[in-house]
>>> print(open('my_file_27.txt').read())   # compact mmCIF, C-alpha atoms
# COMPACT_ATOMS: atom_id res chain seq x y z
CA MET A 47 -10.55 -5.41 -84.05
CA ARG A 48 -9.49 -2.26 -82.33
CA ALA A 49 -12.51 -1.98 -80.12
CA GLY A 50 -12.05 -5.50 -78.90
CA ARG A 51 -8.42 -4.96 -78.12
CA ARG A 52 -9.19 -1.73 -76.31
CA ALA A 53 -11.75 -3.52 -74.19
CA GLN A 54 -9.24 -6.24 -73.50
CA ALA A 55 -6.66 -3.64 -72.46
CA ARG A 56 -9.23 -1.98 -70.25
CA THR A 57 -10.03 -5.24 -68.45
CA ALA A 58 -6.33 -5.96 -68.14
CA ALA A 59 -5.82 -2.55 -66.53
CA ARG A 60 -8.79 -3.09 -64.28
CA SER A 61 -7.53 -6.46 -63.16
CA ALA A 62 -4.14 -4.92 -62.40
CA TRP A 63 -5.65 -2.10 -60.35
CA ALA A 64 -8.32 -4.06 -58.53
CA PRO A 65 -6.03 -5.77 -55.98
CA ALA A 66 -4.27 -2.49 -55.24
CA ALA A 67 -7.59 -0.74 -54.70
CA ALA A 68 -8.80 -3.56 -52.48
CA VAL A 69 -5.65 -3.38 -50.39
CA ALA A 70 -5.98 0.40 -50.08
CA LEU A 71 -9.61 0.12 -49.04
CA LEU A 72 -8.74 -2.55 -46.51
CA GLY A 73 -6.03 -0.28 -45.14
CA VAL A 74 -8.44 2.61 -44.72
CA LEU A 75 -11.01 0.38 -43.03
CA LEU A 76 -8.40 -1.04 -40.68
CA ALA A 77 -7.19 2.43 -39.82
CA LEU A 78 -10.76 3.47 -39.02
CA ALA A 79 -11.36 0.37 -36.95
CA THR A 80 -8.24 0.74 -34.80
CA PRO A 81 -9.10 2.10 -31.36
CA ARG A 82 -8.05 5.67 -31.01
CA MET A 83 -5.12 5.13 -28.69
CA ALA A 84 -3.92 8.68 -29.18
CA LEU A 85 -6.82 9.93 -27.02
CA ALA A 86 -4.68 9.58 -23.91
CA VAL A 87 -5.79 12.24 -21.48
CA ASP A 88 -3.72 10.80 -18.69
CA SER A 89 -0.39 12.49 -18.21
CA ASN A 90 0.71 10.45 -15.21
CA PRO A 91 3.82 8.36 -15.81
CA PRO A 92 3.28 4.60 -15.91
CA LEU A 93 3.64 2.91 -12.54
CA PRO A 94 6.78 0.84 -11.91
CA THR A 95 5.17 -2.58 -12.32
CA PRO A 96 2.51 -3.78 -14.78
CA GLN A 97 0.51 -5.02 -11.80
CA LEU A 98 0.35 -1.57 -10.20
CA GLN A 99 -0.36 0.05 -13.54
CA GLN A 100 -3.24 -2.35 -14.07
CA ARG A 101 -4.60 -1.60 -10.61
CA TYR A 102 -4.38 2.09 -11.34
CA LEU A 103 -6.17 1.77 -14.68
CA ALA A 104 -8.86 -0.44 -13.16
CA LEU A 105 -9.45 2.19 -10.48
CA THR A 106 -9.61 5.18 -12.79
CA HIS A 107 -12.25 3.37 -14.84
CA GLN A 108 -14.39 2.76 -11.74
CA PHE A 109 -14.78 6.37 -10.73
CA ARG A 110 -17.06 8.95 -12.20
CA CYS A 111 -15.72 12.32 -13.17
CA LEU A 112 -18.09 14.49 -11.18
CA VAL A 113 -17.89 17.49 -13.47
CA CYS A 114 -18.73 15.49 -16.58
CA GLU A 115 -20.84 12.80 -15.04
CA ASP A 116 -20.95 10.06 -17.63
CA GLU A 117 -17.23 9.92 -18.16
CA SER A 118 -14.82 7.94 -16.06
CA LEU A 119 -11.78 9.53 -14.50
CA ALA A 120 -9.70 7.61 -17.01
CA ASP A 121 -11.37 9.29 -19.97
CA SER A 122 -12.04 12.77 -18.70
CA PRO A 123 -9.91 15.71 -19.76
CA ALA A 124 -11.30 17.88 -16.93
CA SER A 125 -8.65 19.23 -14.60
CA ALA A 126 -10.56 18.02 -11.54
CA ALA A 127 -10.36 14.51 -13.01
CA ALA A 128 -6.65 14.95 -13.64
CA ASP A 129 -6.21 15.88 -9.97
CA MET A 130 -8.12 12.80 -8.86
CA ARG A 131 -6.03 10.63 -11.16
CA GLY A 132 -2.93 12.15 -9.64
CA VAL A 133 -4.10 11.32 -6.13
CA ILE A 134 -5.07 7.75 -7.10
CA HIS A 135 -1.73 7.36 -8.86
CA GLY A 136 0.04 8.38 -5.65
CA LEU A 137 -2.02 6.01 -3.50
CA VAL A 138 -1.39 3.04 -5.80
CA LEU A 139 2.31 3.86 -5.91
CA LYS A 140 2.26 3.92 -2.12
CA GLY A 141 0.88 0.37 -2.22
CA ASP A 142 -2.81 0.90 -1.47
CA THR A 143 -5.13 -1.89 -2.59
CA GLN A 144 -8.09 -1.23 -4.87
CA GLN A 145 -10.41 -1.46 -1.89
CA GLN A 146 -8.38 1.06 0.10
CA VAL A 147 -8.41 3.54 -2.76
CA ARG A 148 -12.14 3.02 -3.28
CA ASP A 149 -12.80 3.56 0.41
CA TYR A 150 -10.75 6.72 0.36
CA MET A 151 -12.52 8.19 -2.68
CA VAL A 152 -15.94 7.32 -1.26
CA SER A 153 -15.00 8.89 2.08
CA ARG A 154 -14.30 12.13 0.22
CA TYR A 155 -16.95 12.22 -2.49
CA GLY A 156 -19.59 9.72 -1.41
CA ASP A 157 -21.03 6.79 -3.37
CA VAL A 158 -21.72 9.13 -6.29
CA ILE A 159 -18.11 8.77 -7.36
CA LEU A 160 -18.62 5.05 -8.05
CA PHE A 161 -20.08 3.97 -11.37
CA ARG A 162 -21.25 0.80 -9.67
CA PRO A 163 -23.04 1.72 -6.45
CA PRO A 164 -22.30 -0.60 -3.51
CA VAL A 165 -24.83 -3.33 -2.67
CA VAL A 166 -25.84 -2.22 0.81
CA TRP A 167 -29.21 -1.83 2.55
CA ARG A 168 -29.21 1.89 1.87
CA ASN A 169 -29.20 1.11 -1.85
CA ALA A 170 -31.60 -1.82 -1.62
CA TRP A 171 -34.27 -0.06 -3.70
CA LEU A 172 -31.72 0.72 -6.37
CA TRP A 173 -30.58 -2.85 -6.79
CA GLY A 174 -33.90 -4.45 -5.87
CA ALA A 175 -36.25 -2.44 -8.10
CA PRO A 176 -35.20 -3.81 -11.51
CA PRO A 177 -35.58 -7.53 -10.57
CA ALA A 178 -38.80 -6.74 -8.67
CA LEU A 179 -40.24 -4.92 -11.69
CA MET A 180 -39.16 -7.75 -13.93
CA ILE A 181 -40.93 -10.30 -11.72
CA VAL A 182 -44.08 -8.16 -11.78
CA GLY A 183 -43.79 -7.95 -15.56
CA LEU A 184 -43.37 -11.72 -15.87
CA ILE A 185 -46.41 -12.37 -13.66
CA VAL A 186 -48.52 -9.96 -15.71
CA ALA A 187 -47.30 -11.51 -18.98
CA TRP A 188 -47.98 -15.00 -17.64
CA ARG A 189 -51.52 -14.10 -16.64
CA VAL A 190 -52.27 -12.38 -19.94
CA LEU A 191 -51.01 -15.39 -21.86
CA ALA A 192 -52.95 -17.78 -19.66
CA ALA A 193 -56.14 -15.78 -20.17
CA ARG A 194 -55.58 -15.72 -23.90
CA ARG A 195 -55.01 -19.46 -24.02
CA ARG A 196 -58.23 -20.00 -22.05
CA LEU A 197 -60.08 -17.83 -24.57
CA VAL A 198 -58.68 -19.79 -27.47
CA ASP A 199 -59.62 -23.07 -25.74
CA GLU A 200 -63.16 -21.86 -25.11
CA ASP A 201 -63.54 -20.32 -28.55
CA ASP A 202 -63.83 -23.36 -30.78
CA GLY A 203 -66.71 -21.58 -32.45
CA LEU A 204 -64.60 -18.60 -33.49
CA THR A 205 -64.83 -19.44 -37.17
CA THR A 206 -68.58 -19.96 -36.92
CA ASP A 207 -68.83 -16.59 -35.12
CA GLU A 208 -66.99 -15.07 -38.00
CA THR A 209 -69.18 -16.72 -40.57
CA LEU A 210 -72.18 -15.61 -38.54
CA GLY A 211 -70.89 -12.10 -38.48
CA SER A 212 -70.25 -11.92 -42.18
CA MET B 119 -65.08 -6.17 -13.60
CA LYS B 120 -64.41 -5.67 -17.31
CA LEU B 121 -64.21 -1.93 -16.78
CA LYS B 122 -61.81 -2.33 -13.89
CA ARG B 123 -59.46 -4.45 -15.96
CA SER B 124 -59.37 -1.97 -18.79
CA LEU B 125 -58.53 0.79 -16.36
CA LEU B 126 -55.54 -1.10 -15.02
CA PRO B 127 -52.98 0.16 -17.57
CA LEU B 128 -54.25 3.69 -17.11
CA ALA B 129 -53.87 3.37 -13.36
CA GLY B 130 -50.36 2.03 -13.84
CA PHE B 131 -49.52 4.95 -16.04
CA ALA B 132 -50.94 7.42 -13.55
CA LEU B 133 -48.90 5.85 -10.76
CA LEU B 134 -45.73 6.07 -12.86
CA LEU B 135 -46.50 9.70 -13.64
CA VAL B 136 -46.92 10.52 -9.97
CA VAL B 137 -43.63 8.79 -9.08
CA LEU B 138 -41.75 10.61 -11.83
CA VAL B 139 -43.21 14.03 -11.03
CA VAL B 140 -42.47 13.61 -7.32
CA GLY B 141 -38.95 12.52 -8.22
CA LEU B 142 -38.43 15.51 -10.49
CA VAL B 143 -39.81 18.06 -8.05
CA HIS B 144 -38.17 16.72 -4.92
CA SER B 145 -34.80 15.67 -6.24
CA PRO B 146 -32.06 17.99 -5.05
CA ASP B 147 -30.00 19.71 -7.69
CA LYS B 148 -28.03 16.86 -9.19
CA ASP B 149 -25.01 19.12 -9.53
CA LEU B 150 -24.81 19.48 -5.79
CA ILE B 151 -23.28 16.41 -4.26
CA PRO B 152 -23.58 16.29 -0.48
CA SER B 153 -20.24 16.03 1.24
CA PRO B 154 -19.58 12.89 3.25
CA LEU B 155 -17.13 15.00 5.24
CA ILE B 156 -19.87 16.85 7.09
CA GLY B 157 -19.74 15.86 10.75
CA LYS B 158 -16.21 14.52 10.32
CA ALA B 159 -12.84 15.97 11.18
CA ALA B 160 -11.57 18.39 8.58
CA PRO B 161 -8.90 16.70 6.43
CA GLN B 162 -5.43 17.81 7.38
CA PHE B 163 -3.12 19.60 5.03
CA LYS B 164 0.14 21.46 4.98
CA VAL B 165 0.96 23.31 1.80
CA ALA B 166 3.11 26.16 0.57
CA ASN B 167 1.93 29.70 1.19
CA LEU B 168 0.89 31.59 -1.91
CA PHE B 169 3.08 34.41 -0.69
CA ALA B 170 6.62 33.21 -0.89
CA GLY B 171 8.63 33.80 2.22
CA GLN B 172 5.72 33.09 4.53
CA GLY B 173 5.43 29.85 6.39
CA PRO B 174 3.37 26.93 5.09
CA VAL B 175 -0.39 27.00 5.42
CA SER B 176 -1.75 24.08 7.38
CA SER B 177 -4.93 22.77 8.94
CA ALA B 178 -3.43 23.77 12.30
CA ALA B 179 -4.76 27.23 11.44
CA LEU B 180 -8.29 25.84 11.84
CA ALA B 181 -7.91 24.77 15.46
CA GLY B 182 -9.78 26.38 18.32
CA HIS B 183 -12.13 28.69 16.43
CA TRP B 184 -14.66 28.72 13.64
CA SER B 185 -13.11 29.02 10.20
CA LEU B 186 -14.11 29.20 6.61
CA VAL B 187 -12.05 27.19 4.16
CA ASN B 188 -12.54 28.54 0.67
CA VAL B 189 -11.30 26.62 -2.37
CA TRP B 190 -10.82 28.95 -5.32
CA GLY B 191 -8.73 29.65 -8.37
CA SER B 192 -8.09 32.66 -10.56
CA TRP B 193 -9.49 30.63 -13.47
CA CYS B 194 -12.84 30.28 -11.75
CA VAL B 195 -15.63 32.57 -12.86
CA SER B 196 -17.93 32.01 -9.88
CA CYS B 197 -15.02 32.83 -7.58
CA ARG B 198 -14.96 36.34 -8.99
CA GLU B 199 -18.67 36.49 -8.40
CA GLU B 200 -18.36 35.58 -4.72
CA HIS B 201 -15.27 37.67 -4.05
CA SER B 202 -17.11 40.71 -2.75
CA THR B 203 -18.97 38.49 -0.29
CA LEU B 204 -15.69 37.06 0.96
CA LEU B 205 -14.38 40.61 1.45
CA MET B 206 -17.54 41.41 3.37
CA ILE B 207 -16.99 38.33 5.57
CA LYS B 208 -13.46 39.43 6.25
CA GLN B 209 -14.64 42.89 7.19
CA GLN B 210 -17.24 41.38 9.49
CA GLY B 211 -14.35 39.74 11.32
CA ARG B 212 -16.32 36.85 12.77
CA VAL B 213 -14.49 34.04 11.02
CA PRO B 214 -11.07 33.94 9.39
CA ILE B 215 -11.00 32.65 5.82
CA ILE B 216 -8.32 30.19 4.82
CA GLY B 217 -7.95 30.08 1.04
CA ILE B 218 -6.86 27.07 -0.97
CA ASP B 219 -5.69 28.23 -4.36
CA TRP B 220 -6.57 25.21 -6.46
CA ASP B 221 -4.99 24.17 -9.78
CA ASP B 222 -3.73 27.68 -10.20
CA ASN B 223 -0.74 29.67 -11.25
CA ASP B 224 0.75 31.65 -8.34
CA ALA B 225 1.33 34.80 -10.37
CA ASN B 226 -2.28 34.87 -11.58
CA ALA B 227 -3.55 34.23 -8.07
CA MET B 228 -1.50 37.06 -6.60
CA GLN B 229 -2.59 39.41 -9.34
CA TRP B 230 -6.19 38.46 -8.58
CA LEU B 231 -5.78 39.31 -4.91
CA GLN B 232 -4.07 42.61 -5.71
CA GLN B 233 -6.80 43.64 -8.09
CA LEU B 234 -9.84 42.44 -6.18
CA GLY B 235 -8.61 42.60 -2.59
CA ASP B 236 -7.43 39.83 -0.29
CA PRO B 237 -10.14 38.38 1.95
CA TYR B 238 -7.93 35.58 3.23
CA GLN B 239 -6.09 35.20 6.47
CA GLN B 240 -3.79 32.79 4.68
CA VAL B 241 -3.73 31.26 1.22
CA GLY B 242 -2.20 27.85 0.60
CA THR B 243 -1.39 26.69 -2.90
CA ASP B 244 -2.66 23.40 -4.25
CA PRO B 245 -1.27 23.19 -7.78
CA ASP B 246 -1.85 19.45 -8.21
CA GLY B 247 -5.17 19.33 -6.38
CA HIS B 248 -4.15 16.95 -3.59
CA VAL B 249 -5.75 19.08 -0.90
CA ALA B 250 -8.84 19.71 -3.02
CA VAL B 251 -9.37 15.99 -3.62
CA ASN B 252 -8.77 15.26 0.05
CA TRP B 253 -11.57 17.72 0.84
CA GLY B 254 -13.86 16.17 -1.75
CA VAL B 255 -13.78 19.24 -3.97
CA TYR B 256 -14.82 18.83 -7.59
CA GLY B 257 -15.51 22.39 -8.66
CA ALA B 258 -14.56 25.82 -7.44
CA PRO B 259 -15.63 27.68 -5.48
CA GLU B 260 -16.42 25.46 -2.55
CA SER B 261 -16.53 26.76 1.01
CA PHE B 262 -16.38 24.70 4.17
CA LEU B 263 -17.40 25.81 7.61
CA VAL B 264 -15.15 24.24 10.24
CA ASN B 265 -16.08 24.42 13.89
CA PRO B 266 -13.69 25.08 16.80
CA ARG B 267 -13.24 21.34 17.31
CA GLY B 268 -11.96 21.06 13.76
CA MET B 269 -15.08 19.39 12.38
CA VAL B 270 -16.61 20.17 9.01
CA VAL B 271 -20.10 21.50 9.68
CA TYR B 272 -21.30 22.74 6.33
CA LYS B 273 -20.24 22.89 2.72
CA GLN B 274 -21.30 25.42 0.16
CA ILE B 275 -20.81 24.42 -3.47
CA GLY B 276 -20.78 27.40 -5.79
CA ALA B 277 -20.55 31.09 -5.13
CA MET B 278 -21.05 32.40 -1.62
CA THR B 279 -23.67 35.11 -1.30
CA PRO B 280 -24.48 37.36 1.67
CA GLU B 281 -27.78 35.45 2.06
CA ILE B 282 -26.08 32.05 2.16
CA TRP B 283 -23.49 33.40 4.57
CA GLN B 284 -26.24 34.68 6.82
CA HIS B 285 -28.61 31.72 6.67
CA GLU B 286 -26.31 28.72 6.37
CA PHE B 287 -23.08 29.84 7.97
CA LEU B 288 -23.73 32.51 10.59
CA ALA B 289 -26.86 30.64 11.66
CA ARG B 290 -24.67 27.63 12.45
CA ILE B 291 -21.99 29.64 14.14
CA GLY B 292 -24.53 31.33 16.36
CA PRO B 293 -24.42 34.72 17.95
CA ALA B 294 -22.03 33.69 20.72
CA ASP B 295 -18.63 35.09 21.60
CA VAL B 296 -17.01 33.21 18.72
CA GLY B 297 -15.98 36.49 17.16
CA GLY B 298 -13.56 37.03 20.00
CA ALA B 299 -11.82 33.73 19.42
CA GLY B 300 -11.68 34.30 15.68
CA ALA B 301 -10.31 37.78 16.17
CA ALA B 302 -7.71 36.52 18.61
CA ALA B 303 -6.64 33.80 16.20
CA SER B 304 -6.45 36.17 13.30
CA GLY B 305 -4.79 38.98 15.23
CA GLY B 306 -1.33 38.25 13.95
CA ALA B 307 -2.54 36.93 10.66
CA THR B 308 -4.52 40.05 9.82
CA ALA B 309 -1.25 41.88 9.80
CA THR B 310 0.30 39.33 7.45
CA GLY B 311 -2.86 39.36 5.38
CA ASP B 312 -2.48 43.10 4.90
CA GLY B 313 1.22 42.83 4.37
CA THR B 314 1.10 40.04 1.85
CA PRO B 315 -0.13 41.88 -1.21
CA ALA B 316 2.84 44.18 -0.81
CA ALA B 317 5.14 41.19 -0.65
CA GLY B 318 3.43 39.72 -3.67
CA ARG B 319 3.76 42.94 -5.58
CA SER B 320 7.45 43.21 -4.90
CA GLY B 321 7.77 39.57 -5.93
CA THR B 322 6.20 39.99 -9.33
>>> encode(input="my_file_27.txt", output="structure tokens")
Amino acid sequence: MRAGRRAQARTAARSAWAPAAAVALLGVLLALATPRMALAVDSNPPLPTPQLQQRYLALTHQFRCLVCEDESLADSPASAAADMRGVIHGLVLKGDTQQQVRDYMVSRYGDVILFRPPVVWRNAWLWGAPPALMIVGLIVAWRVLAARRRLVDEDDGLTTDETLGS
Amino acid sequence: MKLKRSLLPLAGFALLLVVLVVGLVHSPDKDLIPSPLIGKAAPQFKVANLFAGQGPVSSAALAGHWSLVNVWGSWCVSCREEHSTLLMIKQQGRVPIIGIDWDDNDANAMQWLQQLGDPYQQVGTDPDGHVAVNWGVYGAPESFLVNPRGMVVYKQIGAMTPEIWQHEFLARIGPADVGGAGAAASGGATATGDGTPAAGRSGT
């Protein structure tokens, strides 16, 4: 029968195309999933050793770009950020440690430049408030639960209350 | 007792509201980041003069008298806005202005000074921003008041206005004889300041 053969041919064609389509789809998905490496905003040449380069990258990710506050220096295309990267690059090349570079940047821009504010007394409220609030929340939750449990314990007659009510 | 307990969340909410409103009203402009350099020695620098053929511009120019260090660039819109105030400050003659031309192109900067007037005693170039970063600059214009002992006393972020100059800068400098020292220091430099646009013009 012609119709049957046509259907057979169609399935044959489909089965031939299906793997190719799957591979293509997989390719597209992989391409989409790959991190966008081409976004490099940093024009500084790589430092001579991988160790220094790593120190440099770690540093540029720690500092806030002050003109575009929620971006790190590493990600910001702002020219002020490029200047700061240039300075950090020079300091790392000169052999400064991470701590030395951090101290330098903070001495110029203040703690604001750090994404992670230092744990010092001045910032005690900043670091202390979240755990303190959480403890308060836990105490409140504990007491509410305890009260509810007491109610349930006392209220054996709940069902009778309900039957009374209805 | 029952009533009190039911009011508790409301009270908590009210407290939160008060804290947030106080925080909103009292918080300083988040764009203005106070400089940790205030009260400290002005960072040193030695950079090329914008006007080729003149000696380098260095922090030595700040010694012994009040000075205004102004970080600017021809790309900076607010710098154009404050320019007339800087010219006024120059005319007043109380304090010499040292310019740091930040992230800029020399030709554009010289054209800017020719067109708008040159308020600076000297202009140093900072094409890669090393001086700007060392002074904690993150946006132009920024202006620093440096006292005769070479200490940063005040920083203005954003355009200078006659009011700010009067209330934040002159008020700190005081009415004393400082003008004499500034004038003495800028005596020779005023001549170069006037001569430089000509040099720049012949250069371009």
>>> interface_residues(input="my_file_27.txt", of="chain B", to="chain A", cutoff="6 Å", atoms="all atoms listed in the file", output="PyMOL selection string")
chain B and resi 154+246-247+254+256
>>> atom_distance(input="my_file_27.txt", atom1="CA of Trp193 (chain B)", atom2="CA of Pro245 (chain B)")
12.5 Å
>>> residues_near_point(input="my_file_27.txt", point="(-25.9, 39.4, -0.8)", cutoff="10 Å", atoms="all atoms listed in the file", output="PyMOL selection string")
chain B and resi 200+202-203+206+278-284
>>> write_last_selection(input="my_file_27.txt", atoms="C-alpha atoms", output="CSV table (one decimal), in the frame of the given file")
chain,number,residue,atom,x,y,z
B,200,GLU,CA,-18.4,35.6,-4.7
B,202,SER,CA,-17.1,40.7,-2.8
B,203,THR,CA,-19.0,38.5,-0.3
B,206,MET,CA,-17.5,41.4,3.4
B,278,MET,CA,-21.0,32.4,-1.6
B,279,THR,CA,-23.7,35.1,-1.3
B,280,PRO,CA,-24.5,37.4,1.7
B,281,GLU,CA,-27.8,35.4,2.1
B,282,ILE,CA,-26.1,32.0,2.2
B,283,TRP,CA,-23.5,33.4,4.6
B,284,GLN,CA,-26.2,34.7,6.8
>>> atom_distance(input="my_file_27.txt", atom1="CA of Leu105 (chain A)", atom2="CA of Lys140 (chain A)")
14.5 Å
>>> atom_distance(input="my_file_27.txt", atom1="CA of His201 (chain B)", atom2="CA of Val249 (chain B)")
21.1 Å
>>> residues_around(input="my_file_27.txt", residues="Pro94 (chain A)", least_positions_apart="6", cutoff="12 Å", atoms="all atoms listed in the file", output="PyMOL selection string")
chain A and resi 100-102+135-136+138-141
>>> closest_residue(input="my_file_27.txt", among="A:Asn169, A:Ala77, A:Leu184, A:Gln145", to="Gln108 (chain A)", atoms="all atoms listed in the file")
A:Gln145
